[in-house]
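One file, entry_32.txt, carrying compact mmCIF, C-alpha atoms:
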```
# COMPACT_ATOMS: atom_id res chain seq x y z
CA MET A 1 95.59 105.08 120.63
CA ALA A 2 96.87 104.94 117.04
CA ILE A 3 100.14 103.15 116.20
CA ALA A 4 102.46 104.05 113.31
CA VAL A 5 105.73 102.84 111.83
CA VAL A 6 107.88 105.34 109.91
CA THR A 7 110.92 104.07 108.02
CA GLY A 8 113.88 106.31 107.33
CA ALA A 9 112.89 108.30 110.41
CA GLY A 10 116.38 109.43 111.34
CA SER A 11 116.61 112.37 108.93
CA GLY A 12 114.92 114.41 106.23
CA LEU A 13 111.31 113.70 105.38
CA GLY A 14 111.18 110.69 107.69
CA ARG A 15 112.14 112.87 110.63
CA ALA A 16 109.54 115.47 109.68
CA ILE A 17 106.81 112.84 109.29
CA ALA A 18 107.67 111.02 112.53
CA THR A 19 107.81 114.29 114.44
CA GLY A 20 104.48 115.35 112.97
CA LEU A 21 102.79 112.09 113.95
CA LEU A 22 104.18 112.21 117.46
CA GLY A 23 103.05 115.81 117.82
CA ALA A 24 99.54 114.76 116.75
CA GLY A 25 99.35 112.13 119.49
CA TRP A 26 100.34 109.00 117.59
CA GLN A 27 102.47 106.24 119.09
CA VAL A 28 105.34 105.89 116.61
CA ALA A 29 107.98 103.27 115.92
CA LEU A 30 110.91 105.01 114.28
CA ALA A 31 112.95 102.77 111.99
CA GLY A 32 116.28 103.45 110.37
CA ARG A 33 119.84 102.20 110.19
CA ARG A 34 121.34 104.69 112.69
CA ALA A 35 120.05 104.48 116.24
CA ASP A 36 121.64 107.80 117.20
CA ALA A 37 119.78 109.63 114.43
CA LEU A 38 116.50 108.03 115.47
CA HIS A 39 117.02 109.14 119.06
CA GLU A 40 117.70 112.67 117.78
CA THR A 41 114.31 112.61 116.04
CA VAL A 42 112.60 111.53 119.26
CA LYS A 43 114.40 114.28 121.17
CA ALA A 44 113.31 116.86 118.60
CA ALA A 45 109.70 115.69 118.93
CA GLY A 46 109.80 115.75 122.73
CA SER A 47 107.65 112.63 122.92
CA ALA A 48 109.92 109.88 124.22
CA GLU A 49 107.10 108.06 126.01
CA ALA A 50 105.16 107.66 122.74
CA ALA A 51 108.15 106.57 120.65
CA LEU A 52 109.86 103.27 119.99
CA VAL A 53 113.30 103.40 118.39
CA VAL A 54 113.89 100.34 116.22
CA PRO A 55 117.21 100.29 114.35
CA ALA A 56 116.50 98.37 111.16
CA ASP A 57 117.69 97.83 107.61
CA VAL A 58 114.76 97.63 105.19
CA THR A 59 116.86 95.66 102.69
CA SER A 60 117.15 92.78 105.18
CA ALA A 61 114.19 90.44 105.50
CA SER A 62 115.22 89.36 108.99
CA SER A 63 115.72 92.94 110.14
CA VAL A 64 112.28 93.97 108.86
CA ALA A 65 110.69 90.94 110.55
CA ALA A 66 112.35 91.85 113.85
CA MET A 67 111.16 95.45 113.54
CA PHE A 68 107.50 94.49 113.14
CA LEU A 69 107.79 91.93 115.91
CA ALA A 70 109.01 94.70 118.21
CA VAL A 71 105.99 96.81 117.26
CA GLN A 72 103.63 93.92 117.89
CA GLN A 73 105.19 93.19 121.26
CA ARG A 74 105.06 96.85 122.33
CA TRP A 75 101.55 97.78 121.19
CA GLY A 76 99.85 94.65 119.86
CA ARG A 77 98.63 96.31 116.65
CA LEU A 78 99.55 98.61 113.78
CA ASP A 79 97.38 101.33 112.25
CA LEU A 80 99.77 103.05 109.86
CA LEU A 81 102.96 102.27 107.95
CA VAL A 82 104.77 105.15 106.25
CA ASN A 83 107.20 103.61 103.76
CA ASN A 84 109.64 106.50 103.56
CA ALA A 85 113.14 104.96 103.50
CA GLY A 86 114.88 105.39 100.16
CA LEU A 87 118.02 106.52 98.40
CA PHE A 88 118.85 108.22 95.10
CA GLY A 89 122.05 106.37 94.25
CA PRO A 90 124.85 107.72 92.07
CA ALA A 91 123.96 109.97 89.15
CA ALA A 92 124.67 107.93 86.03
CA GLY A 93 123.22 107.23 82.61
CA VAL A 94 121.76 103.88 81.63
CA ASP A 95 125.05 102.91 79.97
CA GLU A 96 127.15 104.00 82.93
CA ILE A 97 125.51 102.79 86.12
CA GLU A 98 127.19 99.88 87.88
CA LEU A 99 125.07 96.81 88.53
CA ALA A 100 125.93 96.94 92.24
CA ASP A 101 124.66 100.54 92.45
CA TRP A 102 121.48 99.61 90.57
CA GLN A 103 120.87 96.69 92.92
CA ARG A 104 121.45 98.80 96.02
CA VAL A 105 118.77 101.29 94.94
CA VAL A 106 116.34 98.51 94.00
CA ASP A 107 116.93 96.71 97.32
CA THR A 108 116.16 99.86 99.32
CA ASN A 109 113.50 101.67 97.31
CA LEU A 110 111.53 98.70 96.02
CA THR A 111 112.27 95.50 97.94
CA GLY A 112 112.41 97.40 101.22
CA VAL A 113 108.97 98.90 100.59
CA PHE A 114 107.61 95.46 99.69
CA LEU A 115 109.05 93.77 102.79
CA CYS A 116 107.65 96.42 105.14
CA ALA A 117 104.25 96.38 103.43
CA GLN A 118 104.14 92.59 103.59
CA HIS A 119 104.66 92.53 107.36
CA ALA A 120 102.32 95.46 107.92
CA VAL A 121 99.49 93.80 105.99
CA ARG A 122 99.98 90.56 107.92
CA LEU A 123 99.56 92.45 111.18
CA MET A 124 96.61 94.49 109.92
CA LYS A 125 94.74 91.41 108.70
CA ALA A 126 95.18 89.55 111.98
CA GLN A 127 94.43 92.30 114.49
CA ASP A 128 91.10 93.28 116.02
CA PRO A 129 89.72 95.63 114.87
CA ARG A 130 91.09 94.57 111.51
CA GLY A 131 92.69 96.90 108.97
CA GLY A 132 95.05 99.82 108.72
CA ARG A 133 96.72 102.16 106.25
CA ILE A 134 99.96 102.20 104.28
CA ILE A 135 101.38 105.39 102.79
CA ASN A 136 104.23 104.96 100.32
CA ASN A 137 106.67 107.77 99.56
CA GLY A 138 106.77 107.82 95.79
CA SER A 139 108.37 111.01 94.40
CA ILE A 140 107.60 113.07 91.34
CA SER A 141 110.14 110.73 89.75
CA ALA A 142 107.28 108.22 89.82
CA HIS A 143 105.92 110.37 86.97
CA ALA A 144 108.90 112.00 85.24
CA PRO A 145 112.66 111.38 85.52
CA ARG A 146 115.56 113.68 86.10
CA PRO A 147 118.63 113.17 83.92
CA ASP A 148 120.95 110.37 85.08
CA SER A 149 118.45 108.89 87.54
CA ILE A 150 117.46 105.59 85.97
CA ALA A 151 117.64 103.44 89.11
CA TYR A 152 115.77 105.92 91.29
CA THR A 153 113.17 106.63 88.62
CA ALA A 154 112.56 102.96 87.82
CA THR A 155 112.07 102.08 91.49
CA LYS A 156 109.72 105.00 92.10
CA HIS A 157 107.62 103.99 89.09
CA ALA A 158 107.55 100.50 90.60
CA VAL A 159 106.40 101.87 93.96
CA THR A 160 103.30 103.12 92.16
CA GLY A 161 102.63 99.55 91.07
CA LEU A 162 103.08 98.36 94.64
CA THR A 163 100.69 101.02 95.88
CA LYS A 164 97.98 99.97 93.43
CA SER A 165 98.44 96.26 94.13
CA ILE A 166 98.39 96.73 97.91
CA SER A 167 95.23 98.82 97.56
CA LEU A 168 93.56 96.05 95.59
CA ASP A 169 94.79 93.16 97.74
CA GLY A 170 93.94 95.02 100.93
CA ARG A 171 90.30 95.78 100.12
CA ALA A 172 88.87 92.64 101.66
CA TRP A 173 90.83 93.22 104.87
CA ASN A 174 90.11 96.93 105.39
CA VAL A 175 93.68 97.85 104.48
CA ALA A 176 93.98 101.16 102.61
CA CYS A 177 97.08 102.16 100.67
CA GLY A 178 98.01 105.53 99.17
CA GLN A 179 101.07 107.28 97.80
CA ILE A 180 102.54 110.73 98.33
CA ASP A 181 104.71 112.11 95.54
CA ILE A 182 107.01 114.90 96.68
CA GLY A 183 108.99 117.43 94.71
CA ASN A 184 111.79 119.42 96.34
CA ALA A 185 110.89 119.43 100.02
CA ALA A 186 113.71 121.17 101.89
CA THR A 187 115.93 118.53 103.50
CA GLU A 188 119.63 117.75 103.69
CA LEU A 189 119.34 116.01 100.32
CA THR A 190 117.90 119.05 98.53
CA GLU A 191 120.29 121.69 99.89
CA ARG A 192 122.31 121.49 96.66
CA PHE A 193 119.26 122.38 94.56
CA SER A 194 119.72 126.08 95.34
CA ARG A 195 123.20 125.88 93.80
CA GLY A 196 121.95 124.40 90.55
CA VAL A 197 120.64 121.07 89.29
CA ARG A 198 121.11 119.59 85.84
CA GLN A 199 118.01 120.00 83.68
CA ALA A 200 116.72 117.91 80.78
CA ASN A 201 118.26 120.27 78.22
CA GLY A 202 121.68 119.90 79.82
CA SER A 203 121.71 123.28 81.52
CA MET A 204 122.14 123.89 85.25
CA ALA A 205 119.43 125.75 87.09
CA ALA A 206 118.63 126.52 90.71
CA GLU A 207 115.38 124.95 91.87
CA PRO A 208 113.02 126.11 94.62
CA THR A 209 112.19 124.02 97.68
CA PHE A 210 109.40 124.13 100.27
CA ASP A 211 109.23 123.46 104.00
CA ALA A 212 109.20 119.73 104.79
CA ARG A 213 106.58 120.28 107.50
CA HIS A 214 104.00 120.59 104.71
CA VAL A 215 104.81 117.00 103.74
CA ALA A 216 104.24 115.93 107.33
CA ASP A 217 100.92 117.81 107.32
CA ALA A 218 99.89 116.05 104.11
CA VAL A 219 100.75 112.64 105.55
CA LEU A 220 98.80 113.50 108.71
CA TYR A 221 95.77 114.35 106.59
CA MET A 222 96.02 111.07 104.67
CA ALA A 223 96.46 109.16 107.92
CA SER A 224 93.55 110.91 109.65
CA LEU A 225 90.92 109.61 107.25
CA PRO A 226 88.61 106.77 108.27
CA LEU A 227 89.46 103.50 106.55
CA ASP A 228 86.47 103.79 104.25
CA ALA A 229 88.17 106.78 102.57
CA ASN A 230 91.60 106.89 100.94
CA VAL A 231 93.86 109.40 99.25
CA GLN A 232 95.16 107.17 96.47
CA PHE A 233 97.75 109.63 95.14
CA LEU A 234 98.80 113.04 96.44
CA THR A 235 101.42 115.20 94.74
CA ILE A 236 103.03 118.09 96.61
CA THR A 237 105.77 120.22 95.05
CA ALA A 238 107.42 123.60 95.26
CA THR A 239 105.04 125.75 93.19
CA THR A 240 107.62 127.03 90.70
CA MET A 241 109.86 123.98 90.37
CA PRO A 242 110.56 122.85 86.79
CA TYR A 243 108.20 119.91 86.69
CA ILE A 244 104.93 120.70 84.93
CA GLY A 245 105.20 121.41 81.21
CA ARG A 246 108.47 123.01 80.14
CA GLY A 247 109.16 124.41 83.60
```
Let me see the file written as structure tokens.
Amino acid sequence: MAIAVVTGAGSGLGRAIATGLLGAGWQVALAGRRADALHETVKAAGSAEAALVVPADVTSASSVAAMFLAVQQRWGRLDLLVNNAGLFGPAAGVDEIELADWQRVVDTNLTGVFLCAQHAVRLMKAQDPRGGRIINNGSISAHAPRPDSIAYTATKHAVTGLTKSISLDGRAWNVACGQIDIGNAATELTERFSRGVRQANGSMAAEPTFDARHVADAVLYMASLPLDANVQFLTITATTMPYIGRG
């Protein structure tokens, strides 16, 4: 029996990943701020007996601690953490973004990932058999920014640093850590892309998306590996999105 935690599991990619894991026979703790949305994910997966709904706010140290305690009490171990929760924040240039908006993105996308990884590693080091895997949701913004995305881009670059550090710190404890960087998976957040997104040259252009289930399949592949193998970085994008080269 393999145990996973998925943050941001109430919608979008988190829902797709949690549903995919449940469908593959994992026991999954679904974390997110809205309990009703988490229960909708469980209903969609049709695996209530294998799921644990844990309303949680990843920006709160006490909330994250309570979430991992609930997992420990339910199953006694943790094999996989998928750090998926994140937000884009308001579109604004470096000279325009409000400090409160910057801090909100940092608290969710960076500190939240750190807090969850910290508790996951503590569990993985102490359990028997020892070890586990962490998969961080980076984004292609971990490589190249969109216009007016400084907070999101900075935090996603920082997630790459977290991924590398966790990989290094986890070696002695059989804890593997990898990152999936996603470009334009079809979710509620990318619906507007078909209507046009601002490009680096200032123009507006429609951008293609791809089915989010392929992200779930990629995460399942990463999670299925034995702990002596690791996908350090995996990038999955819509084939024709304006990302590589000049688009």
Can you check which parts of stretch 95-178 of chain A lie within 6 Å of stretch 80-84 of chain A? Per residue, the shortest pair of atoms and distance in Å to one decimal, counting all atoms listed in the file, sorted by chain and number, as a Markdown table.
```
| residue | atom | partner | partner_atom | distance |
| --- | --- | --- | --- | --- |
| A:Val113 | CA | A:Asn83 | CA | 5.9 |
| A:Gly132 | CA | A:Leu80 | CA | 5.8 |
| A:Arg133 | CA | A:Leu80 | CA | 4.8 |
| A:Ile134 | CA | A:Leu81 | CA | 4.7 |
| A:Ile135 | CA | A:Val82 | CA | 4.8 |
| A:Asn136 | CA | A:Asn83 | CA | 4.7 |
| A:Asn137 | CA | A:Asn84 | CA | 5.1 |
```
* **Closest of A:Gln232, A:Asn109, A:Gln118, A:Lys125 to A:Lys164 - atom-to-atom distances counting all atoms listed in the file** => A:Gln232
* Rank nothing, just name the residue among A:Ala120, A:Val106, A:Leu22, A:Ile182 nearest to A:Thr155, using only C-alpha atoms. => A:Val106
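Considering the residues A:Asp79, A:Asp169, A:Glu40, A:Glu96 and counting only C-alpha atoms, A:Asp148 has its shortest atom-to-atom contact with A:Glu96.
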* To do: Name all residues at most 6 Å from stretch 7-19 of chain A (count all atoms listed in the file; drop same-chain ones fewer than 5 positions away) and give them as an NGL selection string.
  => :A and (30-32 or 37-38 or 41 or 45 or 83-85 or 187 or 216)
Okay, now the selection with C-alpha atoms, as a CSV table (one decimal), in the coordinates of the input?
```
chain,number,residue,atom,x,y,z
A,30,LEU,CA,110.9,105.0,114.3
A,31,ALA,CA,113.0,102.8,112.0
A,32,GLY,CA,116.3,103.4,110.4
A,37,ALA,CA,119.8,109.6,114.4
A,38,LEU,CA,116.5,108.0,115.5
A,41,THR,CA,114.3,112.6,116.0
A,45,ALA,CA,109.7,115.7,118.9
A,83,ASN,CA,107.2,103.6,103.8
A,84,ASN,CA,109.6,106.5,103.6
A,85,ALA,CA,113.1,105.0,103.5
A,187,THR,CA,115.9,118.5,103.5
A,216,ALA,CA,104.2,115.9,107.3
```
* To do: Give as number ranges by chain every residue, naming chains and numbers as the document does, that has an atom within 12 Å of (115.5, 110.8, 86.6), counting all atoms listed in the file.
  => A: 88-94, 139-157, 197-200, 243
* Identify, on the basis of all atoms listed in the file, every residue whose closest approach to A:Pro129 does not exceed 12 Å; exclude the query and any residue fewer than 2 positions from it along the same chain; express the result as a ChimeraX atom specification. => /A:2,76-79,123-127,131-132,173-175,227
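If only C-alpha atoms are the atoms counted, then among A:Leu110, A:Val53, A:Val105, A:Ala61 the closest residue to A:Asp36 is A:Val53.
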Test item: residues at most 7 Å from A:Val28, all atoms listed in the file, excluding those fewer than 4 positions along its chain, as a short mmCIF file (atom, residue, chain, number, x, y, z; two decimals) with C-alpha atoms, in the coordinates of the input:
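This is the output file selection.cif:
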```cif
data_model
loop_
_atom_site.label_atom_id
_atom_site.label_comp_id
_atom_site.auth_asym_id
_atom_site.auth_seq_id
_atom_site.Cartn_x
_atom_site.Cartn_y
_atom_site.Cartn_z
CA ILE A 3 100.14 103.15 116.20
CA ALA A 4 102.46 104.05 113.31
CA VAL A 5 105.73 102.84 111.83
CA ALA A 18 107.67 111.02 112.53
CA LEU A 22 104.18 112.21 117.46
CA ALA A 50 105.16 107.66 122.74
CA ALA A 51 108.15 106.57 120.65
CA LEU A 52 109.86 103.27 119.99
#
```
Supply stretch 31-47 of chain A as a tab-separated table (two decimals), keeping the file's coordinate frame, with N, CA and C atoms built in where the input has gaps.
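Heads up, here's the output in result.tsv:
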```tsv
chain	number	residue	atom	x	y	z
A	31	ALA	N	112.02	103.75	112.54
A	31	ALA	CA	112.95	102.77	111.99
A	31	ALA	C	113.99	103.45	111.12
A	32	GLY	N	115.18	102.93	111.18
A	32	GLY	CA	116.28	103.45	110.37
A	32	GLY	C	117.56	102.73	110.74
A	33	ARG	N	118.59	102.94	109.97
A	33	ARG	CA	119.84	102.20	110.19
A	33	ARG	C	120.68	102.77	111.33
A	34	ARG	N	120.49	104.06	111.68
A	34	ARG	CA	121.34	104.69	112.69
A	34	ARG	C	120.52	105.01	113.93
A	35	ALA	N	120.80	104.28	115.00
A	35	ALA	CA	120.05	104.48	116.24
A	35	ALA	C	120.21	105.89	116.78
A	36	ASP	N	121.41	106.46	116.66
A	36	ASP	CA	121.64	107.80	117.20
A	36	ASP	C	120.77	108.83	116.49
A	37	ALA	N	120.62	108.69	115.18
A	37	ALA	CA	119.78	109.63	114.43
A	37	ALA	C	118.31	109.47	114.81
A	38	LEU	N	117.88	108.26	115.05
A	38	LEU	CA	116.50	108.03	115.47
A	38	LEU	C	116.23	108.66	116.82
A	39	HIS	N	117.18	108.52	117.74
A	39	HIS	CA	117.02	109.14	119.06
A	39	HIS	C	117.00	110.67	118.95
A	40	GLU	N	117.73	111.22	118.00
A	40	GLU	CA	117.70	112.67	117.78
A	40	GLU	C	116.31	113.12	117.32
A	41	THR	N	115.67	112.30	116.48
A	41	THR	CA	114.31	112.61	116.04
A	41	THR	C	113.35	112.61	117.22
A	42	VAL	N	113.46	111.60	118.08
A	42	VAL	CA	112.60	111.53	119.26
A	42	VAL	C	112.83	112.74	120.16
A	43	LYS	N	114.08	113.11	120.33
A	43	LYS	CA	114.40	114.28	121.17
A	43	LYS	C	113.79	115.54	120.58
A	44	ALA	N	113.87	115.68	119.26
A	44	ALA	CA	113.31	116.86	118.60
A	44	ALA	C	111.80	116.92	118.76
A	45	ALA	N	111.16	115.74	118.79
A	45	ALA	CA	109.70	115.69	118.93
A	45	ALA	C	109.26	115.91	120.36
A	46	GLY	N	110.15	115.60	121.32
A	46	GLY	CA	109.80	115.75	122.73
A	46	GLY	C	108.73	114.80	123.19
A	47	SER	N	108.71	113.60	122.60
A	47	SER	CA	107.65	112.63	122.92
A	47	SER	C	108.23	111.25	123.15
```
